[in-house]
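As provided, query_15.pdb (PDB, C-alpha atoms and all ligand atoms) reads as follows.
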ATOM      1  CA  MET A  21       7.412  -8.249 -13.590  1.00  0.00           C
ATOM      2  CA  TYR A  22      10.170  -7.754 -11.012  1.00  0.00           C
ATOM      3  CA  GLU A  23       9.629  -6.802  -7.391  1.00  0.00           C
ATOM      4  CA  LEU A  24      12.243  -5.283  -5.100  1.00  0.00           C
ATOM      5  CA  LYS A  25      11.967  -4.700  -1.376  1.00  0.00           C
ATOM      6  CA  ILE A  26      14.017  -2.511   0.914  1.00  0.00           C
ATOM      7  CA  ILE A  27      13.722  -2.220   4.682  1.00  0.00           C
ATOM      8  CA  SER A  28      14.220   0.821   6.869  1.00  0.00           C
ATOM      9  CA  SER A  29      13.383   1.692  10.465  1.00  0.00           C
ATOM     10  CA  PHE A  30      12.939   4.570  12.867  1.00  0.00           C
ATOM     11  CA  ASP A  31      12.118   5.237  16.501  1.00  0.00           C
ATOM     12  CA  ALA A  32       9.219   7.513  17.348  1.00  0.00           C
ATOM     13  CA  ALA A  33       6.464   8.193  19.839  1.00  0.00           C
ATOM     14  CA  HIS A  34       2.735   8.483  19.309  1.00  0.00           C
ATOM     15  CA  SER A  35      -0.595   8.336  21.064  1.00  0.00           C
ATOM     16  CA  LEU A  36      -3.849   7.165  19.539  1.00  0.00           C
ATOM     17  CA  LYS A  37      -6.482   9.795  20.298  1.00  0.00           C
ATOM     18  CA  GLY A  38      -9.860   8.323  21.090  1.00  0.00           C
ATOM     19  CA  TYR A  39      -8.468   4.815  21.520  1.00  0.00           C
ATOM     20  CA  GLN A  40     -10.038   2.969  24.445  1.00  0.00           C
ATOM     21  CA  GLY A  41      -6.984   1.591  26.220  1.00  0.00           C
ATOM     22  CA  ASP A  42      -3.267   2.048  26.840  1.00  0.00           C
ATOM     23  CA  CYS A  43      -2.485   3.082  23.264  1.00  0.00           C
ATOM     24  CA  ALA A  44      -4.177   6.444  23.929  1.00  0.00           C
ATOM     25  CA  ASN A  45      -1.212   7.226  26.197  1.00  0.00           C
ATOM     26  CA  LEU A  46       2.103   8.528  24.941  1.00  0.00           C
ATOM     27  CA  HIS A  47       4.302   5.554  24.032  1.00  0.00           C
ATOM     28  CA  GLY A  48       6.955   4.636  21.505  1.00  0.00           C
ATOM     29  CA  HIS A  49       7.888   2.006  18.972  1.00  0.00           C
ATOM     30  CA  THR A  50      10.797   1.011  16.823  1.00  0.00           C
ATOM     31  CA  TRP A  51       8.954   1.014  13.514  1.00  0.00           C
ATOM     32  CA  THR A  52      10.149  -1.142  10.641  1.00  0.00           C
ATOM     33  CA  ILE A  53       9.249  -0.059   7.114  1.00  0.00           C
ATOM     34  CA  GLU A  54       9.173  -2.318   4.072  1.00  0.00           C
ATOM     35  CA  VAL A  55       8.961  -0.644   0.684  1.00  0.00           C
ATOM     36  CA  TYR A  56       8.116  -2.671  -2.418  1.00  0.00           C
ATOM     37  CA  VAL A  57       8.629  -1.429  -5.964  1.00  0.00           C
ATOM     38  CA  VAL A  58       7.691  -3.234  -9.165  1.00  0.00           C
ATOM     39  CA  GLY A  59       8.477  -2.850 -12.838  1.00  0.00           C
ATOM     40  CA  ASP A  60       9.123  -4.756 -16.046  1.00  0.00           C
ATOM     41  CA  LYS A  61      12.198  -3.169 -17.522  1.00  0.00           C
ATOM     42  CA  LEU A  62      15.759  -3.804 -16.388  1.00  0.00           C
ATOM     43  CA  ASN A  63      18.534  -1.405 -17.282  1.00  0.00           C
ATOM     44  CA  GLU A  64      21.714  -2.418 -19.084  1.00  0.00           C
ATOM     45  CA  LEU A  65      23.224  -3.489 -15.748  1.00  0.00           C
ATOM     46  CA  GLY A  66      20.316  -5.825 -15.027  1.00  0.00           C
ATOM     47  CA  LEU A  67      18.809  -3.577 -12.337  1.00  0.00           C
ATOM     48  CA  LEU A  68      15.149  -2.657 -12.107  1.00  0.00           C
ATOM     49  CA  VAL A  69      16.249   0.271  -9.984  1.00  0.00           C
ATOM     50  CA  ASP A  70      19.255   0.609  -7.700  1.00  0.00           C
ATOM     51  CA  PHE A  71      18.417  -0.515  -4.141  1.00  0.00           C
ATOM     52  CA  LYS A  72      20.548   2.445  -3.044  1.00  0.00           C
ATOM     53  CA  ASP A  73      18.154   4.905  -4.697  1.00  0.00           C
ATOM     54  CA  VAL A  74      15.065   3.353  -3.134  1.00  0.00           C
ATOM     55  CA  LYS A  75      16.802   3.335   0.265  1.00  0.00           C
ATOM     56  CA  LYS A  76      17.930   6.932  -0.148  1.00  0.00           C
ATOM     57  CA  TYR A  77      14.432   8.250  -0.913  1.00  0.00           C
ATOM     58  CA  THR A  78      12.874   6.106   1.803  1.00  0.00           C
ATOM     59  CA  ASN A  79      15.405   7.333   4.343  1.00  0.00           C
ATOM     60  CA  GLU A  80      14.694  10.971   3.429  1.00  0.00           C
ATOM     61  CA  ILE A  81      11.088  10.366   4.490  1.00  0.00           C
ATOM     62  CA  VAL A  82      12.031   8.273   7.503  1.00  0.00           C
ATOM     63  CA  GLN A  83      14.328  11.051   8.759  1.00  0.00           C
ATOM     64  CA  ARG A  84      11.282  13.318   9.096  1.00  0.00           C
ATOM     65  CA  LEU A  85       9.725  10.733  11.418  1.00  0.00           C
ATOM     66  CA  ASP A  86      12.717   9.567  13.428  1.00  0.00           C
ATOM     67  CA  HIS A  87      12.697  10.600  17.114  1.00  0.00           C
ATOM     68  CA  GLN A  88       9.534  12.659  16.641  1.00  0.00           C
ATOM     69  CA  TYR A  89       6.203  12.764  18.404  1.00  0.00           C
ATOM     70  CA  LEU A  90       4.291  11.694  15.307  1.00  0.00           C
ATOM     71  CA  ASN A  91       0.975  13.295  16.327  1.00  0.00           C
ATOM     72  CA  ASN A  92       2.653  16.722  16.074  1.00  0.00           C
ATOM     73  CA  LEU A  93       3.935  16.326  12.527  1.00  0.00           C
ATOM     74  CA  PRO A  94       2.100  18.737  10.217  1.00  0.00           C
ATOM     75  CA  ASP A  95       0.717  16.033   7.923  1.00  0.00           C
ATOM     76  CA  PHE A  96      -0.987  14.294  10.824  1.00  0.00           C
ATOM     77  CA  GLN A  97      -1.857  17.287  12.979  1.00  0.00           C
ATOM     78  CA  ALA A  98      -3.429  19.333  10.178  1.00  0.00           C
ATOM     79  CA  LYS A  99      -5.639  16.442   9.065  1.00  0.00           C
ATOM     80  CA  GLU A 100      -6.331  15.330  12.633  1.00  0.00           C
ATOM     81  CA  LEU A 101      -5.045  11.890  11.684  1.00  0.00           C
ATOM     82  CA  ASN A 102      -3.885   9.436  14.281  1.00  0.00           C
ATOM     83  CA  PRO A 103      -0.415   8.174  13.385  1.00  0.00           C
ATOM     84  CA  THR A 104      -1.480   4.548  13.241  1.00  0.00           C
ATOM     85  CA  ALA A 105       0.475   1.971  11.286  1.00  0.00           C
ATOM     86  CA  GLU A 106      -2.208   2.249   8.581  1.00  0.00           C
ATOM     87  CA  ASN A 107      -1.954   6.038   8.284  1.00  0.00           C
ATOM     88  CA  LEU A 108       1.842   5.903   8.356  1.00  0.00           C
ATOM     89  CA  SER A 109       1.916   3.323   5.566  1.00  0.00           C
ATOM     90  CA  LYS A 110      -0.243   5.585   3.345  1.00  0.00           C
ATOM     91  CA  TYR A 111       1.796   8.657   4.256  1.00  0.00           C
ATOM     92  CA  ILE A 112       5.084   6.950   3.364  1.00  0.00           C
ATOM     93  CA  TYR A 113       3.541   5.525   0.175  1.00  0.00           C
ATOM     94  CA  ASP A 114       2.318   8.975  -0.970  1.00  0.00           C
ATOM     95  CA  GLU A 115       5.653  10.624  -0.218  1.00  0.00           C
ATOM     96  CA  LEU A 116       7.585   7.875  -2.025  1.00  0.00           C
ATOM     97  CA  VAL A 117       5.388   8.124  -5.111  1.00  0.00           C
ATOM     98  CA  LYS A 118       6.350  11.814  -5.319  1.00  0.00           C
ATOM     99  CA  LYS A 119      10.051  11.045  -4.960  1.00  0.00           C
ATOM    100  CA  LEU A 120      10.231   8.023  -7.289  1.00  0.00           C
ATOM    101  CA  GLY A 121       8.148   9.586 -10.067  1.00  0.00           C
ATOM    102  CA  HIS A 122      11.159  10.027 -12.353  1.00  0.00           C
ATOM    103  CA  LEU A 123      12.169   6.352 -12.111  1.00  0.00           C
ATOM    104  CA  ASP A 124      10.770   3.567 -14.262  1.00  0.00           C
ATOM    105  CA  VAL A 125       9.171   1.729 -11.313  1.00  0.00           C
ATOM    106  CA  GLU A 126       5.968   1.842  -9.286  1.00  0.00           C
ATOM    107  CA  VAL A 127       5.677   1.708  -5.534  1.00  0.00           C
ATOM    108  CA  SER A 128       3.397  -1.309  -5.047  1.00  0.00           C
ATOM    109  CA  LYS A 129       3.143  -1.437  -1.259  1.00  0.00           C
ATOM    110  CA  VAL A 130       4.469  -0.043   1.972  1.00  0.00           C
ATOM    111  CA  ALA A 131       4.336  -2.138   5.128  1.00  0.00           C
ATOM    112  CA  VAL A 132       4.727  -0.574   8.566  1.00  0.00           C
ATOM    113  CA  TRP A 133       5.573  -2.835  11.492  1.00  0.00           C
ATOM    114  CA  GLU A 134       4.854  -1.446  14.965  1.00  0.00           C
ATOM    115  CA  SER A 135       6.373  -4.498  16.560  1.00  0.00           C
ATOM    116  CA  PRO A 136       7.642  -7.850  15.272  1.00  0.00           C
ATOM    117  CA  LYS A 137       4.073  -9.107  15.673  1.00  0.00           C
ATOM    118  CA  ALA A 138       1.900  -6.331  14.176  1.00  0.00           C
ATOM    119  CA  CYS A 139       2.002  -4.728  10.733  1.00  0.00           C
ATOM    120  CA  ALA A 140      -0.235  -2.648   8.445  1.00  0.00           C
ATOM    121  CA  THR A 141       0.292  -2.405   4.696  1.00  0.00           C
ATOM    122  CA  TYR A 142      -0.842   0.139   2.109  1.00  0.00           C
ATOM    123  CA  LEU A 143      -1.294  -1.463  -1.317  1.00  0.00           C
ATOM    124  CA  ALA A 144      -1.359   0.530  -4.548  1.00  0.00           C
ATOM    125  CA  ARG A 145      -4.362  -0.302  -6.699  1.00  0.00           C
TER     126      ARG A 145
HETATM  127  N1  LIG A 201      -4.959  -1.671  13.345  1.00  0.00           N
HETATM  128  C1  LIG A 201      -4.170  -1.088  14.280  1.00  0.00           C
HETATM  129  N2  LIG A 201      -4.320  -1.426  15.561  1.00  0.00           N
HETATM  130  C2  LIG A 201      -3.551  -0.850  16.483  1.00  0.00           C
HETATM  131  C3  LIG A 201      -2.562   0.077  16.120  1.00  0.00           C
HETATM  132  C4  LIG A 201      -2.426   0.416  14.745  1.00  0.00           C
HETATM  133  O1  LIG A 201      -1.583   1.239  14.356  1.00  0.00           O
HETATM  134  N3  LIG A 201      -3.243  -0.185  13.861  1.00  0.00           N
HETATM  135  N4  LIG A 201      -1.766   0.606  17.051  1.00  0.00           N
HETATM  136  C5  LIG A 201      -1.868   0.288  18.331  1.00  0.00           C
HETATM  137  C6  LIG A 201      -0.922   0.893  19.309  1.00  0.00           C
HETATM  138  O2  LIG A 201       0.006   1.741  18.672  1.00  0.00           O
HETATM  139  C7  LIG A 201      -0.159  -0.106  20.179  1.00  0.00           C
HETATM  140  O3  LIG A 201       1.011   0.516  20.690  1.00  0.00           O
HETATM  141  C8  LIG A 201       0.295  -1.308  19.471  1.00  0.00           C
HETATM  142  O4  LIG A 201      -0.482  -2.328  19.941  1.00  0.00           O
HETATM  143  P1  LIG A 201       0.041  -3.812  20.005  1.00  0.00           P
HETATM  144  O5  LIG A 201       0.599  -4.271  18.711  1.00  0.00           O
HETATM  145  O6  LIG A 201      -1.060  -4.584  20.560  1.00  0.00           O
HETATM  146  O7  LIG A 201       1.286  -3.660  20.952  1.00  0.00           O
HETATM  147  P2  LIG A 201       1.577  -4.337  22.328  1.00  0.00           P
HETATM  148  O8  LIG A 201       3.006  -4.040  22.626  1.00  0.00           O
HETATM  149  O9  LIG A 201       0.577  -3.887  23.326  1.00  0.00           O
HETATM  150  O10 LIG A 201       1.445  -5.868  21.948  1.00  0.00           O
HETATM  151  P3  LIG A 201       1.009  -7.096  22.827  1.00  0.00           P
HETATM  152  O11 LIG A 201       1.344  -8.264  21.961  1.00  0.00           O
HETATM  153  O12 LIG A 201      -0.479  -6.945  23.026  1.00  0.00           O
HETATM  154  O13 LIG A 201       1.792  -7.001  24.077  1.00  0.00           O
HETATM  155  C9  LIG A 201      -2.926  -0.605  18.805  1.00  0.00           C
HETATM  156  N5  LIG A 201      -3.703  -1.173  17.772  1.00  0.00           N
HETATM  157 ZN    ZN A 202       1.617   2.442  19.422  1.00  0.00          ZN
END

Translate this file's structure into structure tokens.
Ligand SMILES: Nc1nc2c(c(=O)[nH]1)N=C([C@H](O)[C@H](O)COP(=O)(O)OP(=O)(O)OP(=O)(O)O)CN2
Ligand SMILES: [Zn+2]
Amino acid sequence: MYELKIISSFDAAHSLKGYQGDCANLHGHTWTIEVYVVGDKLNELGLLVDFKDVKKYTNEIVQRLDHQYLNNLPDFQAKELNPTAENLSKYIYDELVKKLGHLDVEVSKVAVWESPKACATYLAR
């Protein structure tokens, strides 16, 4: 099996409702996203999938998040979800699965870094 990883990033604000501490206040991060895809079959060029395609689809999702107040995005507001690193990793995973469905790869994990020292990852089962 082959595994590819691409990295993207965005800047956004959030607040963690119900959190006991400073993170309940409005604040921002530069979020770094790592997307992993896996698969067995290479094409005739020796590519599992073009990095450019994975980056393109990831960036389409990231553009929805960039420079936003994440709590107000419909997917979080409607479900009353805090935009934590965990919830963002699942959100990006779900959206990528929809976009990459036509390719011969699986999204295996999405890691969301809130800072260089703290990261949450959603793993496909
Ligand atoms: N499991 C999680 N814990 C926390 C999350 C999260 O998404 N998942 N988020 C936060 C806050 O967003 C907070 O802004 C980040 O906290 P932290 O990494 O501690 O950031 P600091 O800049 O305060 O880091 P220090 O190293 O403590 O200075 C909190 N927890
Ligand atoms: Zn935060």

* Protein and nucleic acid residues within 7 Å of ligand ZN 202 (chain A) (all atoms listed in the file) as a list in words -> His34, Ser35, Cys43, His47, Gly48, His49 and Glu134 of chain A

* the PyMOL selection byres (((not hetatm)) within 7 of (chain A and resi 201)) on the file shown: which residues, as a ChimeraX atom specification? -> /A:36,43,47,104-106,134-135,137-138,140

Could you please take those selected residues and save C-alpha atoms as a short mmCIF file (atom, residue, chain, number, x, y, z; two decimals), in the frame of the given file?
data_model
loop_
_atom_site.label_atom_id
_atom_site.label_comp_id
_atom_site.auth_asym_id
_atom_site.auth_seq_id
_atom_site.Cartn_x
_atom_site.Cartn_y
_atom_site.Cartn_z
CA LEU A 36 -3.85 7.16 19.54
CA CYS A 43 -2.48 3.08 23.26
CA HIS A 47 4.30 5.55 24.03
CA THR A 104 -1.48 4.55 13.24
CA ALA A 105 0.48 1.97 11.29
CA GLU A 106 -2.21 2.25 8.58
CA GLU A 134 4.85 -1.45 14.96
CA SER A 135 6.37 -4.50 16.56
CA LYS A 137 4.07 -9.11 15.67
CA ALA A 138 1.90 -6.33 14.18
CA ALA A 140 -0.24 -2.65 8.44
#

* **Residue nearest Ala131 (chain A) among A:Glu23, A:Glu54, A:Asp42, A:Asp31 (counting all atoms listed in the file)** => A:Glu54

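Closest to Ile27 (chain A) among A:His122, A:His87, A:Lys76, A:Lys99 is A:Lys76, based on only C-alpha atoms.
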
* If the PyMOL selection byres (((chain A and resi 67) around 12) and not hetatm) is run on the structure shown, which residues does it catch, given as a list in words? ->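 For this structure, the PyMOL selection byres (((chain A and resi 67) around 12) and not hetatm) resolves to Tyr22, Glu23, Leu24, Val58, Gly59, Asp60, Lys61, Leu62, Asn63, Glu64, Leu65, Gly66, Leu68, Val69, Asp70, Phe71, Lys72, Asp73, Leu123, Asp124 and Val125 of chain A.
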
Dump as a PDB file, in the coordinates of the input, selection limited to C-alpha atoms:
ATOM      1  CA  TYR A  22      10.170  -7.754 -11.012  1.00  0.00           C
ATOM      2  CA  GLU A  23       9.629  -6.802  -7.391  1.00  0.00           C
ATOM      3  CA  LEU A  24      12.243  -5.283  -5.100  1.00  0.00           C
ATOM      4  CA  VAL A  58       7.691  -3.234  -9.165  1.00  0.00           C
ATOM      5  CA  GLY A  59       8.477  -2.850 -12.838  1.00  0.00           C
ATOM      6  CA  ASP A  60       9.123  -4.756 -16.046  1.00  0.00           C
ATOM      7  CA  LYS A  61      12.198  -3.169 -17.522  1.00  0.00           C
ATOM      8  CA  LEU A  62      15.759  -3.804 -16.388  1.00  0.00           C
ATOM      9  CA  ASN A  63      18.534  -1.405 -17.282  1.00  0.00           C
ATOM     10  CA  GLU A  64      21.714  -2.418 -19.084  1.00  0.00           C
ATOM     11  CA  LEU A  65      23.224  -3.489 -15.748  1.00  0.00           C
ATOM     12  CA  GLY A  66      20.316  -5.825 -15.027  1.00  0.00           C
ATOM     13  CA  LEU A  68      15.149  -2.657 -12.107  1.00  0.00           C
ATOM     14  CA  VAL A  69      16.249   0.271  -9.984  1.00  0.00           C
ATOM     15  CA  ASP A  70      19.255   0.609  -7.700  1.00  0.00           C
ATOM     16  CA  PHE A  71      18.417  -0.515  -4.141  1.00  0.00           C
ATOM     17  CA  LYS A  72      20.548   2.445  -3.044  1.00  0.00           C
ATOM     18  CA  ASP A  73      18.154   4.905  -4.697  1.00  0.00           C
ATOM     19  CA  LEU A 123      12.169   6.352 -12.111  1.00  0.00           C
ATOM     20  CA  ASP A 124      10.770   3.567 -14.262  1.00  0.00           C
ATOM     21  CA  VAL A 125       9.171   1.729 -11.313  1.00  0.00           C
TER      22      VAL A 125
END

Could region 24-56 of chain A be completed with N, CA and C atoms and returned as a PDB file, in the frame of the given file?
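Listed below is the output, selection-v9.pdb:
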ATOM      1  N   LEU A  24      11.141  -5.488  -6.046  1.00  0.00           N
ATOM      2  CA  LEU A  24      12.243  -5.283  -5.100  1.00  0.00           C
ATOM      3  C   LEU A  24      11.662  -4.839  -3.765  1.00  0.00           C
ATOM      4  N   LYS A  25      12.374  -5.160  -2.713  1.00  0.00           N
ATOM      5  CA  LYS A  25      11.967  -4.700  -1.376  1.00  0.00           C
ATOM      6  C   LYS A  25      13.177  -4.147  -0.648  1.00  0.00           C
ATOM      7  N   ILE A  26      12.979  -3.012  -0.002  1.00  0.00           N
ATOM      8  CA  ILE A  26      14.017  -2.511   0.914  1.00  0.00           C
ATOM      9  C   ILE A  26      13.363  -2.321   2.283  1.00  0.00           C
ATOM     10  N   ILE A  27      14.201  -2.345   3.303  1.00  0.00           N
ATOM     11  CA  ILE A  27      13.722  -2.220   4.682  1.00  0.00           C
ATOM     12  C   ILE A  27      14.428  -1.052   5.349  1.00  0.00           C
ATOM     13  N   SER A  28      13.658  -0.278   6.089  1.00  0.00           N
ATOM     14  CA  SER A  28      14.220   0.821   6.869  1.00  0.00           C
ATOM     15  C   SER A  28      13.544   0.807   8.248  1.00  0.00           C
ATOM     16  N   SER A  29      14.021   1.652   9.142  1.00  0.00           N
ATOM     17  CA  SER A  29      13.383   1.692  10.465  1.00  0.00           C
ATOM     18  C   SER A  29      13.607   3.041  11.118  1.00  0.00           C
ATOM     19  N   PHE A  30      12.774   3.337  12.089  1.00  0.00           N
ATOM     20  CA  PHE A  30      12.939   4.570  12.867  1.00  0.00           C
ATOM     21  C   PHE A  30      12.300   4.372  14.238  1.00  0.00           C
ATOM     22  N   ASP A  31      12.692   5.238  15.152  1.00  0.00           N
ATOM     23  CA  ASP A  31      12.118   5.237  16.501  1.00  0.00           C
ATOM     24  C   ASP A  31      11.279   6.489  16.651  1.00  0.00           C
ATOM     25  N   ALA A  32      10.077   6.336  17.170  1.00  0.00           N
ATOM     26  CA  ALA A  32       9.219   7.513  17.348  1.00  0.00           C
ATOM     27  C   ALA A  32       8.136   7.209  18.373  1.00  0.00           C
ATOM     28  N   ALA A  33       7.546   8.302  18.865  1.00  0.00           N
ATOM     29  CA  ALA A  33       6.464   8.193  19.839  1.00  0.00           C
ATOM     30  C   ALA A  33       5.143   8.572  19.184  1.00  0.00           C
ATOM     31  N   HIS A  34       4.063   8.053  19.741  1.00  0.00           N
ATOM     32  CA  HIS A  34       2.735   8.483  19.309  1.00  0.00           C
ATOM     33  C   HIS A  34       1.732   8.190  20.407  1.00  0.00           C
ATOM     34  N   SER A  35       0.532   8.696  20.204  1.00  0.00           N
ATOM     35  CA  SER A  35      -0.595   8.336  21.064  1.00  0.00           C
ATOM     36  C   SER A  35      -1.813   8.273  20.150  1.00  0.00           C
ATOM     37  N   LEU A  36      -2.682   7.338  20.410  1.00  0.00           N
ATOM     38  CA  LEU A  36      -3.849   7.165  19.539  1.00  0.00           C
ATOM     39  C   LEU A  36      -5.056   7.823  20.194  1.00  0.00           C
ATOM     40  N   LYS A  37      -5.377   9.019  19.712  1.00  0.00           N
ATOM     41  CA  LYS A  37      -6.482   9.795  20.298  1.00  0.00           C
ATOM     42  C   LYS A  37      -7.801   9.049  20.101  1.00  0.00           C
ATOM     43  N   GLY A  38      -8.557   8.971  21.171  1.00  0.00           N
ATOM     44  CA  GLY A  38      -9.860   8.323  21.090  1.00  0.00           C
ATOM     45  C   GLY A  38      -9.827   6.819  21.298  1.00  0.00           C
ATOM     46  N   TYR A  39      -8.610   6.276  21.332  1.00  0.00           N
ATOM     47  CA  TYR A  39      -8.468   4.815  21.520  1.00  0.00           C
ATOM     48  C   TYR A  39      -8.857   4.458  22.958  1.00  0.00           C
ATOM     49  N   GLN A  40      -9.638   3.418  23.103  1.00  0.00           N
ATOM     50  CA  GLN A  40     -10.038   2.969  24.445  1.00  0.00           C
ATOM     51  C   GLN A  40      -8.996   1.976  24.953  1.00  0.00           C
ATOM     52  N   GLY A  41      -8.023   2.496  25.709  1.00  0.00           N
ATOM     53  CA  GLY A  41      -6.984   1.591  26.220  1.00  0.00           C
ATOM     54  C   GLY A  41      -5.644   2.299  26.286  1.00  0.00           C
ATOM     55  N   ASP A  42      -4.611   1.499  26.585  1.00  0.00           N
ATOM     56  CA  ASP A  42      -3.267   2.048  26.840  1.00  0.00           C
ATOM     57  C   ASP A  42      -2.690   2.814  25.649  1.00  0.00           C
ATOM     58  N   CYS A  43      -3.087   2.460  24.460  1.00  0.00           N
ATOM     59  CA  CYS A  43      -2.485   3.082  23.264  1.00  0.00           C
ATOM     60  C   CYS A  43      -2.892   4.545  23.114  1.00  0.00           C
ATOM     61  N   ALA A  44      -3.852   5.007  23.919  1.00  0.00           N
ATOM     62  CA  ALA A  44      -4.177   6.444  23.929  1.00  0.00           C
ATOM     63  C   ALA A  44      -3.098   7.240  24.660  1.00  0.00           C
ATOM     64  N   ASN A  45      -2.290   6.545  25.465  1.00  0.00           N
ATOM     65  CA  ASN A  45      -1.212   7.226  26.197  1.00  0.00           C
ATOM     66  C   ASN A  45       0.018   7.377  25.308  1.00  0.00           C
ATOM     67  N   LEU A  46       0.836   8.354  25.654  1.00  0.00           N
ATOM     68  CA  LEU A  46       2.103   8.528  24.941  1.00  0.00           C
ATOM     69  C   LEU A  46       2.955   7.263  25.110  1.00  0.00           C
ATOM     70  N   HIS A  47       3.414   6.715  23.986  1.00  0.00           N
ATOM     71  CA  HIS A  47       4.302   5.554  24.032  1.00  0.00           C
ATOM     72  C   HIS A  47       5.087   5.508  22.723  1.00  0.00           C
ATOM     73  N   GLY A  48       6.090   4.662  22.690  1.00  0.00           N
ATOM     74  CA  GLY A  48       6.955   4.636  21.505  1.00  0.00           C
ATOM     75  C   GLY A  48       7.103   3.256  20.910  1.00  0.00           C
ATOM     76  N   HIS A  49       7.597   3.259  19.670  1.00  0.00           N
ATOM     77  CA  HIS A  49       7.888   2.006  18.972  1.00  0.00           C
ATOM     78  C   HIS A  49       9.186   2.176  18.187  1.00  0.00           C
ATOM     79  N   THR A  50       9.821   1.054  17.911  1.00  0.00           N
ATOM     80  CA  THR A  50      10.797   1.011  16.823  1.00  0.00           C
ATOM     81  C   THR A  50      10.026   0.469  15.625  1.00  0.00           C
ATOM     82  N   TRP A  51       9.778   1.352  14.678  1.00  0.00           N
ATOM     83  CA  TRP A  51       8.954   1.014  13.514  1.00  0.00           C
ATOM     84  C   TRP A  51       9.861   0.453  12.423  1.00  0.00           C
ATOM     85  N   THR A  52       9.423  -0.601  11.797  1.00  0.00           N
ATOM     86  CA  THR A  52      10.149  -1.142  10.641  1.00  0.00           C
ATOM     87  C   THR A  52       9.296  -0.917   9.399  1.00  0.00           C
ATOM     88  N   ILE A  53       9.948  -0.402   8.362  1.00  0.00           N
ATOM     89  CA  ILE A  53       9.249  -0.059   7.114  1.00  0.00           C
ATOM     90  C   ILE A  53       9.736  -0.974   6.001  1.00  0.00           C
ATOM     91  N   GLU A  54       8.816  -1.551   5.270  1.00  0.00           N
ATOM     92  CA  GLU A  54       9.173  -2.318   4.072  1.00  0.00           C
ATOM     93  C   GLU A  54       8.571  -1.606   2.866  1.00  0.00           C
ATOM     94  N   VAL A  55       9.421  -1.311   1.910  1.00  0.00           N
ATOM     95  CA  VAL A  55       8.961  -0.644   0.684  1.00  0.00           C
ATOM     96  C   VAL A  55       9.142  -1.607  -0.485  1.00  0.00           C
ATOM     97  N   TYR A  56       8.081  -1.790  -1.239  1.00  0.00           N
ATOM     98  CA  TYR A  56       8.116  -2.671  -2.418  1.00  0.00           C
ATOM     99  C   TYR A  56       7.945  -1.824  -3.670  1.00  0.00           C
TER     100      TYR A  56
END
